[in-house]
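Trainee: Let me give you the structure first, and then I'll get to my questions.
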Amino acid sequence: MLKYPEGVLFMKDSIDDIKAILALRPKIAVLTGAGISAESGVPTFRGSDGYWKGKSAEDLASMQGFSQDPHGVWEWYNLRRQKLKDIKPNPGHDALVRLEELASSFTLVTQNVDRLHQQAGSGQVLELHGSIWPVRCMDCDYQEDRFQVDLPAEPRCPDCKGWLRPGVVWFGEALPFGIMEKADHAVRMADLFFIIGTSAVVWPAAGLAWTAREAGAKVVEINLEETPATEVAHISLLGKSGEILPQLL
Ligand code: OAD
């Protein structure tokens with residue numbers, strides 16, 4: 001498997017190819033994952049920093065994990081919320097804002113729950129996995145954005161005293177209603193599809209790369225290493241998204 005930095009191959013030609021397509025004001029769809037926020041200091045899920053107290057993302061971000069250890073799961077989310085509070089978008093997020101201006105239509109689909117795309121200035125963002133900032137009650141309809149980071153270890157609903165949970169989609173749960181259809185539609189219409197900073201192992205998000213390829217888009221992957229989606233990428237750029245994306249503009 002190729003890995004950055006040894007694997008940076010033919011990057012100059014590839015970037016020129018992409019620039020030539022961008023000059024035609026293409027329709028663009030983008031899928032991002034945790035890697036685009038890594039240079040801002042947000043830990044990825046499956047990197048060496050992805051484990052917490054010996055537990056994986058799957059252990060923590062699931063109803064089963066929460067049922068077994070709600071305090072532990074909230075401790076992990078509170079840690080992530082605290083980290084995010086002081087974190088800023090990086091040149092990769094900024095470049096996507098500018099990319100939007102070059103496109104005749106642009107859809108940004110993210111698996112990230114950090115809202116850094118919105119903070120950078122991206123308009124419509126399809127948050128496939130929700131966001132870490134809303135909390136919602138597990139027993140009633142109560143829901144609100146809570147930006148304070150020092151939530152109690154046992155956050156409870158102000159209305160019914162049920163457990164509050166983060167507004168993210170956990171493993172095994174359905175995605176927000178209708179969101180995958182919107183993402184799928186945008187990808188099918190796209191001339192150019194970017195898949196950036198995702199290990200491409202979590203479905204249905206990862207499947208958008210295969211959809212894009214089947215539907216005829218030029219597929220560009222930006223990642224530190226090859227992933228399962230590399231097989232459908234026309235161009236695979238190995239490196240940091242915060243360094244590669246600004247070079248396209
Ligand atoms: P992962 O942690 O699985 O993958 C991050 C990817 O980013 C890896 O492929 C890295 O090689 C790459 N990467 C790291 N730093 C990078 C950089 N500076 N530039 C470019 N690429 C870089 O994260 P996701 O694929 O986003 O779901 O994970 C998908 C889902 O699994 C998450 O949304 C979350 C998680 O469990 C839920 O919580 C439901």
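In the structure tokens, chains take the letters A, B, ... in the order shown, each chain's residues start at 1, and ligands count up from 1 in the order shown.
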Quick one: residues within 10 Å of Arg80 of chain A, only C-alpha atoms counted, chain neighbours fewer than 2 positions away excluded, as a PyMOL selection string?

Mentor: chain A and resi 42-43+74-78+82-85+114+132+149

Trainee: Return as number ranges by chain the residues of protein, DNA or RNA that approach ligand 1 to within 8 Å, with only C-alpha atoms and all ligand atoms taken into account.

Mentor: A: 32-39, 43-47, 50, 57-58, 61-62, 110-113, 128-129, 168-171, 196-202, 222-227, 238-242

Trainee: Those residues with N, CA and C atoms, as a compact mmCIF listing (two decimals), in the first residue's frame please?

Mentor:
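Heads up, here's the output in result17.txt:
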```
# COMPACT_ATOMS: atom_id res chain seq x y z
N THR A 32 -15.97 14.42 2.60
CA THR A 32 -14.82 14.54 3.50
C THR A 32 -14.99 13.63 4.71
N GLY A 33 -13.82 13.31 5.30
CA GLY A 33 -13.80 12.54 6.54
C GLY A 33 -12.84 13.19 7.52
N ALA A 34 -12.57 12.49 8.59
CA ALA A 34 -11.82 13.07 9.71
C ALA A 34 -10.45 13.62 9.29
N GLY A 35 -9.87 13.07 8.22
CA GLY A 35 -8.53 13.50 7.80
C GLY A 35 -8.47 14.96 7.42
N ILE A 36 -9.57 15.54 6.92
CA ILE A 36 -9.49 16.96 6.53
C ILE A 36 -9.35 17.85 7.75
N SER A 37 -9.80 17.37 8.91
CA SER A 37 -9.69 18.17 10.13
C SER A 37 -8.44 17.83 10.93
N ALA A 38 -7.69 16.83 10.48
CA ALA A 38 -6.52 16.38 11.26
C ALA A 38 -5.51 17.51 11.44
N GLU A 39 -5.31 18.30 10.36
CA GLU A 39 -4.32 19.38 10.47
C GLU A 39 -4.80 20.54 11.34
N PRO A 43 -8.47 14.70 16.40
CA PRO A 43 -8.01 13.32 16.21
C PRO A 43 -8.88 12.57 15.20
N THR A 44 -8.26 11.74 14.37
CA THR A 44 -9.04 10.90 13.46
C THR A 44 -9.57 9.71 14.26
N PHE A 45 -10.37 8.88 13.62
CA PHE A 45 -10.97 7.75 14.34
C PHE A 45 -10.10 6.51 14.30
N ARG A 46 -9.44 6.30 13.16
CA ARG A 46 -8.74 5.03 13.00
C ARG A 46 -7.23 5.18 12.97
N GLY A 47 -6.73 6.38 13.27
CA GLY A 47 -5.28 6.58 13.36
C GLY A 47 -4.79 6.10 14.72
N GLY A 50 -6.69 7.21 17.55
CA GLY A 50 -8.12 6.91 17.45
C GLY A 50 -8.67 6.13 18.63
N ALA A 57 -13.55 3.60 18.08
CA ALA A 57 -14.70 4.46 17.73
C ALA A 57 -15.99 3.65 17.75
N GLU A 58 -15.92 2.42 17.26
CA GLU A 58 -17.13 1.58 17.21
C GLU A 58 -17.65 1.28 18.62
N ALA A 61 -18.95 5.05 19.87
CA ALA A 61 -20.02 5.71 19.12
C ALA A 61 -21.08 4.70 18.73
N SER A 62 -21.71 4.10 19.72
CA SER A 62 -22.78 3.15 19.43
C SER A 62 -23.74 3.11 20.61
N THR A 110 -20.18 15.65 4.33
CA THR A 110 -19.13 15.33 5.31
C THR A 110 -19.60 14.26 6.28
N GLN A 111 -18.62 13.48 6.71
CA GLN A 111 -18.89 12.52 7.79
C GLN A 111 -18.50 13.15 9.13
N ASN A 112 -17.93 14.34 9.06
CA ASN A 112 -17.40 14.96 10.29
C ASN A 112 -18.50 15.63 11.09
N VAL A 113 -18.33 15.59 12.39
CA VAL A 113 -19.34 16.16 13.29
C VAL A 113 -18.82 17.46 13.92
N LEU A 128 -23.62 13.95 7.21
CA LEU A 128 -24.16 12.58 7.20
C LEU A 128 -24.25 11.99 8.60
N HIS A 129 -23.29 12.33 9.45
CA HIS A 129 -23.24 11.72 10.78
C HIS A 129 -23.64 12.70 11.89
N VAL A 168 -25.07 13.06 17.31
CA VAL A 168 -24.33 12.38 16.23
C VAL A 168 -25.04 11.08 15.89
N VAL A 169 -24.72 10.58 14.69
CA VAL A 169 -25.26 9.28 14.29
C VAL A 169 -24.28 8.21 14.79
N TRP A 170 -24.80 7.26 15.49
CA TRP A 170 -23.94 6.18 16.00
C TRP A 170 -23.96 4.99 15.05
N PHE A 171 -22.99 4.13 15.22
CA PHE A 171 -22.93 2.91 14.41
C PHE A 171 -24.22 2.13 14.55
N ILE A 196 -11.99 12.97 0.31
CA ILE A 196 -10.85 13.58 1.00
C ILE A 196 -10.80 13.14 2.47
N GLY A 197 -9.66 12.59 2.87
CA GLY A 197 -9.40 12.34 4.29
C GLY A 197 -10.37 11.39 4.95
N THR A 198 -10.78 10.37 4.20
CA THR A 198 -11.62 9.34 4.82
C THR A 198 -11.04 7.96 4.52
N SER A 199 -11.12 7.09 5.53
CA SER A 199 -10.61 5.73 5.33
C SER A 199 -11.54 4.93 4.43
N ALA A 200 -12.70 5.48 4.11
CA ALA A 200 -13.64 4.86 3.16
C ALA A 200 -14.05 3.45 3.57
N VAL A 201 -14.21 3.25 4.86
CA VAL A 201 -14.65 1.92 5.32
C VAL A 201 -16.05 1.97 5.94
N VAL A 202 -16.56 3.18 6.18
CA VAL A 202 -17.89 3.28 6.80
C VAL A 202 -18.91 3.59 5.71
N ILE A 222 -7.89 12.32 -2.10
CA ILE A 222 -6.77 12.97 -1.40
C ILE A 222 -6.69 12.34 -0.02
N ASN A 223 -5.56 11.71 0.27
CA ASN A 223 -5.42 11.00 1.54
C ASN A 223 -3.93 10.77 1.79
N LEU A 224 -3.59 10.50 3.02
CA LEU A 224 -2.20 10.17 3.33
C LEU A 224 -1.82 8.81 2.78
N GLU A 225 -2.83 7.97 2.56
CA GLU A 225 -2.53 6.61 2.11
C GLU A 225 -3.66 6.11 1.22
N GLU A 226 -3.40 4.99 0.56
CA GLU A 226 -4.45 4.39 -0.26
C GLU A 226 -5.55 3.84 0.65
N THR A 227 -6.76 3.80 0.11
CA THR A 227 -7.92 3.28 0.86
C THR A 227 -8.70 2.36 -0.07
N LEU A 238 -1.52 11.51 -2.80
CA LEU A 238 -1.12 11.10 -1.45
C LEU A 238 -0.43 12.26 -0.76
N GLY A 239 -1.04 12.72 0.31
CA GLY A 239 -0.46 13.84 1.04
C GLY A 239 -1.51 14.47 1.92
N LYS A 240 -1.16 15.60 2.51
CA LYS A 240 -2.07 16.27 3.43
C LYS A 240 -3.06 17.13 2.66
N SER A 241 -4.32 17.01 3.00
CA SER A 241 -5.34 17.78 2.28
C SER A 241 -5.11 19.29 2.44
N GLY A 242 -4.58 19.69 3.59
CA GLY A 242 -4.34 21.12 3.83
C GLY A 242 -3.22 21.67 2.97
```

Trainee: To one decimal place, how far is atom CA of Asp86 of chain A from atom CA of Val135 of chain A in Å?

Mentor: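 Atom-to-atom, atom CA of Asp86 of chain A to atom CA of Val135 of chain A, that is 19.6 Å.
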
Trainee: Which neighbours of Leu249 of chain A fall inside 12 Å, counting only C-alpha atoms, when residues of the same chain fewer than 6 positions from it are skipped, and could you give them as a PyMOL selection string?

Mentor: chain A and resi 15-16+18-23+91-92+94-103+243

Trainee: Counting only C-alpha atoms, figure out which residue out of A:Gly121, A:Asn90, A:Phe106, A:Gly178 gets nearest to Ile28 of chain A.

Mentor: A:Phe106

Trainee: So that I can see what lies close to Ala229 of chain A, please list as an NGL selection string the residues with an atom at most 8 Å from it, counting only C-alpha atoms and leaving out residues fewer than 2 positions away in the same chain.

Mentor: :A and (200 or 206 or 209-210 or 221 or 226-227 or 231-233)

Trainee: Enter the distance from atom CA of Ala153 of chain A to atom CA of Pro176 of chain A, in Å, rounded to one decimal.

Mentor: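 Between these atoms lies a distance of 26.3 Å.
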
Trainee: To one decimal place in Å, what is the distance between atom CA of Met138 of chain A and atom CA of Cys157 of chain A?

Mentor: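 We find that atom CA of Met138 of chain A and atom CA of Cys157 of chain A lie 8.5 Å from each other.
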
Trainee: How would you write, as a ChimeraX atom specification, the set of residues in segment 46-232 of chain A that DSSP gives as alpha helix (DSSP H)?

Mentor: /A:57-60,63-68,70-85,91-102,116-120,179-189,207-215

Trainee: Within 8 Å of Ala29 of chain A, counting only C-alpha atoms, which residues qualify if same-chain residues fewer than 3 places away don't, as a PyMOL selection string?

Mentor: chain A and resi 106-109+186-187+190+192-194

Trainee: Using all heavy atoms, can you export the residues from the last selection as a tab-separated table (two decimals), in the first residue's frame?

Mentor:
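Writing the result to selection-v6.tsv gives the following:
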```tsv
chain	number	residue	atom	x	y	z
A	106	PHE	N	-22.21	22.86	-6.47
A	106	PHE	CA	-21.26	22.33	-5.49
A	106	PHE	C	-22.01	21.74	-4.31
A	106	PHE	O	-22.89	22.38	-3.74
A	106	PHE	CB	-20.37	23.49	-5.00
A	106	PHE	CG	-19.25	23.05	-4.11
A	106	PHE	CD1	-18.03	22.65	-4.64
A	106	PHE	CD2	-19.39	23.04	-2.73
A	106	PHE	CE1	-16.98	22.25	-3.83
A	106	PHE	CE2	-18.34	22.64	-1.90
A	106	PHE	CZ	-17.13	22.25	-2.46
A	107	THR	N	-21.67	20.50	-3.98
A	107	THR	CA	-22.28	19.88	-2.80
A	107	THR	C	-21.18	19.29	-1.93
A	107	THR	O	-20.34	18.53	-2.42
A	107	THR	CB	-23.26	18.75	-3.21
A	107	THR	OG1	-24.26	19.33	-4.05
A	107	THR	CG2	-23.94	18.14	-1.98
A	108	LEU	N	-21.18	19.69	-0.68
A	108	LEU	CA	-20.19	19.20	0.27
A	108	LEU	C	-20.86	18.23	1.24
A	108	LEU	O	-21.78	18.61	1.97
A	108	LEU	CB	-19.56	20.38	1.02
A	108	LEU	CG	-18.54	20.07	2.11
A	108	LEU	CD1	-17.45	19.15	1.60
A	108	LEU	CD2	-17.91	21.37	2.61
A	109	VAL	N	-20.43	17.00	1.18
A	109	VAL	CA	-20.97	15.96	2.06
A	109	VAL	C	-19.86	15.63	3.05
A	109	VAL	O	-18.73	15.38	2.65
A	109	VAL	CB	-21.32	14.69	1.25
A	109	VAL	CG1	-21.98	13.65	2.14
A	109	VAL	CG2	-22.18	15.02	0.04
A	186	ALA	N	-26.55	14.52	-5.77
A	186	ALA	CA	-25.48	15.47	-6.12
A	186	ALA	C	-24.29	14.74	-6.75
A	186	ALA	O	-23.69	15.21	-7.72
A	186	ALA	CB	-25.02	16.22	-4.87
A	187	VAL	N	-23.98	13.58	-6.21
A	187	VAL	CA	-22.83	12.82	-6.72
A	187	VAL	C	-23.12	12.32	-8.13
A	187	VAL	O	-22.25	12.34	-9.01
A	187	VAL	CB	-22.51	11.66	-5.75
A	187	VAL	CG1	-21.54	10.67	-6.36
A	187	VAL	CG2	-21.93	12.22	-4.44
A	190	ALA	N	-22.51	15.04	-10.64
A	190	ALA	CA	-21.19	15.71	-10.61
A	190	ALA	C	-20.31	15.33	-11.80
A	190	ALA	O	-20.32	14.19	-12.26
A	190	ALA	CB	-20.48	15.36	-9.31
A	192	LEU	N	-17.03	16.20	-11.31
A	192	LEU	CA	-15.80	15.99	-10.55
A	192	LEU	C	-16.18	15.63	-9.13
A	192	LEU	O	-16.99	16.32	-8.50
A	192	LEU	CB	-15.02	17.32	-10.58
A	192	LEU	CG	-13.60	17.40	-10.08
A	192	LEU	CD1	-12.70	16.38	-10.78
A	192	LEU	CD2	-13.05	18.82	-10.33
A	193	PHE	N	-15.61	14.54	-8.63
A	193	PHE	CA	-15.93	14.10	-7.26
A	193	PHE	C	-14.63	13.97	-6.48
A	193	PHE	O	-13.70	13.29	-6.91
A	193	PHE	CB	-16.64	12.74	-7.30
A	193	PHE	CG	-16.90	12.16	-5.94
A	193	PHE	CD1	-17.90	12.67	-5.12
A	193	PHE	CD2	-16.15	11.10	-5.45
A	193	PHE	CE1	-18.14	12.13	-3.85
A	193	PHE	CE2	-16.38	10.56	-4.19
A	193	PHE	CZ	-17.38	11.08	-3.40
A	194	PHE	N	-14.57	14.65	-5.34
A	194	PHE	CA	-13.40	14.54	-4.46
A	194	PHE	C	-13.76	13.70	-3.24
A	194	PHE	O	-14.80	13.95	-2.62
A	194	PHE	CB	-12.97	15.93	-3.95
A	194	PHE	CG	-12.35	16.81	-4.99
A	194	PHE	CD1	-13.12	17.72	-5.70
A	194	PHE	CD2	-10.99	16.74	-5.24
A	194	PHE	CE1	-12.54	18.56	-6.64
A	194	PHE	CE2	-10.40	17.58	-6.19
A	194	PHE	CZ	-11.18	18.48	-6.89
```

Trainee: Hey, which of A:Cys140, A:Leu248, A:Pro134, A:Leu31 ends up closest to Gly207 of chain A? Count only C-alpha atoms.

Mentor: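 That would be A:Leu31, the residue with the smallest distance to Gly207 of chain A.
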
Trainee: Can you list every residue in segment 122-203 of chain A that DSSP puts in strand (DSSP E), as a CSV table (one decimal) with all heavy atoms, in the first residue's frame?

Mentor:
```
chain,number,residue,atom,x,y,z
A,125,VAL,N,-23.9,22.3,3.8
A,125,VAL,CA,-23.1,21.1,4.2
A,125,VAL,C,-24.0,20.0,4.6
A,125,VAL,O,-24.8,20.1,5.4
A,125,VAL,CB,-22.1,21.4,5.3
A,125,VAL,CG1,-21.2,20.2,5.6
A,125,VAL,CG2,-21.2,22.6,5.0
A,126,LEU,N,-23.9,18.8,3.9
A,126,LEU,CA,-24.7,17.7,4.3
A,126,LEU,C,-23.9,16.9,5.4
A,126,LEU,O,-22.9,16.3,5.1
A,126,LEU,CB,-25.0,16.8,3.1
A,126,LEU,CG,-25.8,17.4,2.0
A,126,LEU,CD1,-26.0,16.4,0.8
A,126,LEU,CD2,-27.2,17.9,2.5
A,127,GLU,N,-24.4,17.0,6.6
A,127,GLU,CA,-23.7,16.3,7.7
A,127,GLU,C,-24.3,14.9,7.9
A,127,GLU,O,-25.3,14.7,8.6
A,127,GLU,CB,-23.9,17.1,9.0
A,127,GLU,CG,-23.2,18.4,9.1
A,127,GLU,CD,-23.5,19.2,10.4
A,127,GLU,OE1,-24.7,19.2,10.8
A,127,GLU,OE2,-22.6,19.8,10.9
A,130,GLY,N,-24.4,13.8,11.5
A,130,GLY,CA,-24.9,14.7,12.5
A,130,GLY,C,-23.8,15.6,13.0
A,130,GLY,O,-22.8,15.9,12.3
A,131,SER,N,-23.9,16.2,14.2
A,131,SER,CA,-23.0,17.1,14.7
A,131,SER,C,-22.8,16.9,16.2
A,131,SER,O,-23.7,16.4,16.9
A,131,SER,CB,-23.4,18.5,14.5
A,131,SER,OG,-22.7,19.4,15.3
A,132,ILE,N,-21.6,17.2,16.7
A,132,ILE,CA,-21.3,17.0,18.1
A,132,ILE,C,-21.9,18.0,19.0
A,132,ILE,O,-22.1,17.8,20.2
A,132,ILE,CB,-19.8,16.9,18.3
A,132,ILE,CG1,-19.4,16.1,19.6
A,132,ILE,CG2,-19.2,18.3,18.3
A,132,ILE,CD1,-18.0,15.7,19.7
A,133,TRP,N,-22.4,19.2,18.4
A,133,TRP,CA,-22.9,20.3,19.3
A,133,TRP,C,-24.3,20.2,19.7
A,133,TRP,O,-24.6,20.6,20.9
A,133,TRP,CB,-22.6,21.6,18.6
A,133,TRP,CG,-21.1,21.8,18.4
A,133,TRP,CD1,-20.4,21.9,17.2
A,133,TRP,CD2,-20.1,21.9,19.4
A,133,TRP,NE1,-19.1,22.0,17.4
A,133,TRP,CE2,-18.9,22.1,18.8
A,133,TRP,CE3,-20.2,22.0,20.8
A,133,TRP,CZ2,-17.7,22.2,19.5
A,133,TRP,CZ3,-19.0,22.1,21.5
A,133,TRP,CH2,-17.8,22.2,20.9
A,134,PRO,N,-25.2,19.6,19.0
A,134,PRO,CA,-26.6,19.4,19.6
A,134,PRO,C,-26.6,18.3,20.6
A,134,PRO,O,-25.8,17.3,20.4
A,134,PRO,CB,-27.4,19.1,18.4
A,134,PRO,CG,-26.6,19.2,17.1
A,134,PRO,CD,-25.2,19.2,17.6
A,135,VAL,N,-27.4,18.4,21.6
A,135,VAL,CA,-27.7,17.3,22.4
A,135,VAL,C,-29.2,17.0,22.3
A,135,VAL,O,-30.0,17.9,22.0
A,135,VAL,CB,-27.4,17.6,23.9
A,135,VAL,CG1,-25.9,17.7,24.1
A,135,VAL,CG2,-28.1,18.8,24.4
A,136,ARG,N,-29.5,15.7,22.4
A,136,ARG,CA,-31.0,15.4,22.4
A,136,ARG,C,-31.3,14.3,23.5
A,136,ARG,O,-30.5,13.5,23.8
A,136,ARG,CB,-31.4,15.0,21.0
A,136,ARG,CG,-30.8,13.8,20.4
A,136,ARG,CD,-31.3,13.8,18.9
A,136,ARG,NE,-30.4,13.0,18.1
A,136,ARG,CZ,-30.5,11.7,17.9
A,136,ARG,NH1,-31.4,11.0,18.5
A,136,ARG,NH2,-29.7,11.1,17.1
A,137,CYS,N,-32.6,14.4,23.9
A,137,CYS,CA,-33.0,13.5,25.0
A,137,CYS,C,-33.3,12.1,24.4
A,137,CYS,O,-33.9,12.0,23.3
A,137,CYS,CB,-34.2,14.1,25.7
A,137,CYS,SG,-34.9,13.0,27.0
A,143,GLN,N,-34.3,18.8,22.3
A,143,GLN,CA,-33.1,18.9,21.5
A,143,GLN,C,-32.6,20.3,21.5
A,143,GLN,O,-33.4,21.2,21.3
A,143,GLN,CB,-33.3,18.4,20.1
A,143,GLN,CG,-32.2,18.7,19.1
A,143,GLN,CD,-32.1,17.8,17.9
A,143,GLN,OE1,-32.9,16.8,17.8
A,143,GLN,NE2,-31.2,18.1,17.0
A,144,GLU,N,-31.3,20.6,21.6
A,144,GLU,CA,-30.8,22.0,21.4
A,144,GLU,C,-29.3,21.9,21.2
A,144,GLU,O,-28.6,21.0,21.6
A,144,GLU,CB,-31.2,22.9,22.6
A,144,GLU,CG,-30.4,22.6,23.9
A,144,GLU,CD,-30.5,23.7,24.9
A,144,GLU,OE1,-30.9,24.8,24.6
A,144,GLU,OE2,-30.0,23.4,26.0
A,145,ASP,N,-28.8,23.0,20.6
A,145,ASP,CA,-27.3,23.1,20.4
A,145,ASP,C,-26.8,23.5,21.8
A,145,ASP,O,-27.3,24.5,22.4
A,145,ASP,CB,-27.0,24.2,19.4
A,145,ASP,CG,-27.1,23.7,18.0
A,145,ASP,OD1,-27.3,22.5,17.8
A,145,ASP,OD2,-26.8,24.4,17.0
A,164,LEU,N,-29.4,12.7,28.2
A,164,LEU,CA,-29.1,13.4,26.9
A,164,LEU,C,-28.0,12.6,26.2
A,164,LEU,O,-27.1,12.0,26.9
A,164,LEU,CB,-28.6,14.8,27.2
A,164,LEU,CG,-29.6,15.8,27.8
A,164,LEU,CD1,-28.9,17.1,28.1
A,164,LEU,CD2,-30.8,16.0,26.8
A,165,ARG,N,-28.0,12.7,24.9
A,165,ARG,CA,-27.0,12.1,24.1
A,165,ARG,C,-26.5,13.1,23.1
A,165,ARG,O,-27.2,14.0,22.7
A,165,ARG,CB,-27.5,10.8,23.4
A,165,ARG,CG,-28.7,11.0,22.5
A,165,ARG,CD,-29.0,9.9,21.6
A,165,ARG,NE,-28.0,9.9,20.5
A,165,ARG,CZ,-27.9,9.0,19.5
A,165,ARG,NH1,-28.8,8.0,19.5
A,165,ARG,NH2,-27.1,9.1,18.5
A,166,PRO,N,-25.3,12.9,22.5
A,166,PRO,CA,-24.9,13.8,21.5
A,166,PRO,C,-25.7,13.6,20.2
A,166,PRO,O,-26.2,12.5,19.9
A,166,PRO,CB,-23.4,13.4,21.3
A,166,PRO,CG,-23.1,12.3,22.2
A,166,PRO,CD,-24.4,11.8,22.8
A,167,GLY,N,-25.8,14.7,19.4
A,167,GLY,CA,-26.6,14.7,18.2
A,167,GLY,C,-25.8,14.1,17.0
A,167,GLY,O,-26.0,14.6,15.9
A,168,VAL,N,-25.1,13.1,17.3
A,168,VAL,CA,-24.3,12.4,16.2
A,168,VAL,C,-25.0,11.1,15.9
A,168,VAL,O,-25.8,10.6,16.7
A,168,VAL,CB,-22.9,12.1,16.6
A,168,VAL,CG1,-22.1,13.3,16.9
A,168,VAL,CG2,-22.8,11.2,17.9
A,192,LEU,N,-17.0,16.2,-11.3
A,192,LEU,CA,-15.8,16.0,-10.6
A,192,LEU,C,-16.2,15.6,-9.1
A,192,LEU,O,-17.0,16.3,-8.5
A,192,LEU,CB,-15.0,17.3,-10.6
A,192,LEU,CG,-13.6,17.4,-10.1
A,192,LEU,CD1,-12.7,16.4,-10.8
A,192,LEU,CD2,-13.1,18.8,-10.3
A,193,PHE,N,-15.6,14.5,-8.6
A,193,PHE,CA,-15.9,14.1,-7.3
A,193,PHE,C,-14.6,14.0,-6.5
A,193,PHE,O,-13.7,13.3,-6.9
A,193,PHE,CB,-16.6,12.7,-7.3
A,193,PHE,CG,-16.9,12.2,-5.9
A,193,PHE,CD1,-17.9,12.7,-5.1
A,193,PHE,CD2,-16.1,11.1,-5.4
A,193,PHE,CE1,-18.1,12.1,-3.9
A,193,PHE,CE2,-16.4,10.6,-4.2
A,193,PHE,CZ,-17.4,11.1,-3.4
A,194,PHE,N,-14.6,14.6,-5.3
A,194,PHE,CA,-13.4,14.5,-4.5
A,194,PHE,C,-13.8,13.7,-3.2
A,194,PHE,O,-14.8,14.0,-2.6
A,194,PHE,CB,-13.0,15.9,-4.0
A,194,PHE,CG,-12.3,16.8,-5.0
A,194,PHE,CD1,-13.1,17.7,-5.7
A,194,PHE,CD2,-11.0,16.7,-5.2
A,194,PHE,CE1,-12.5,18.6,-6.6
A,194,PHE,CE2,-10.4,17.6,-6.2
A,194,PHE,CZ,-11.2,18.5,-6.9
A,195,ILE,N,-12.9,12.8,-2.9
A,195,ILE,CA,-13.1,12.0,-1.7
A,195,ILE,C,-11.8,12.3,-0.8
A,195,ILE,O,-10.7,12.0,-1.2
A,195,ILE,CB,-13.3,10.5,-1.9
A,195,ILE,CG1,-13.4,9.8,-0.6
A,195,ILE,CG2,-12.4,9.9,-2.9
A,195,ILE,CD1,-14.1,8.4,-0.6
A,196,ILE,N,-12.0,13.0,0.3
A,196,ILE,CA,-10.9,13.6,1.0
A,196,ILE,C,-10.8,13.1,2.5
A,196,ILE,O,-11.8,13.3,3.2
A,196,ILE,CB,-11.0,15.1,1.0
A,196,ILE,CG1,-11.1,15.6,-0.5
A,196,ILE,CG2,-9.8,15.8,1.7
A,196,ILE,CD1,-11.5,17.1,-0.6
```

Trainee: Using only C-alpha atoms, can you tell me which of A:Lys55, A:Asp69, A:Ser14, A:Val30 comes closest to Asp184 of chain A?

Mentor: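 The answer is A:Val30, which sits nearest to Asp184 of chain A.
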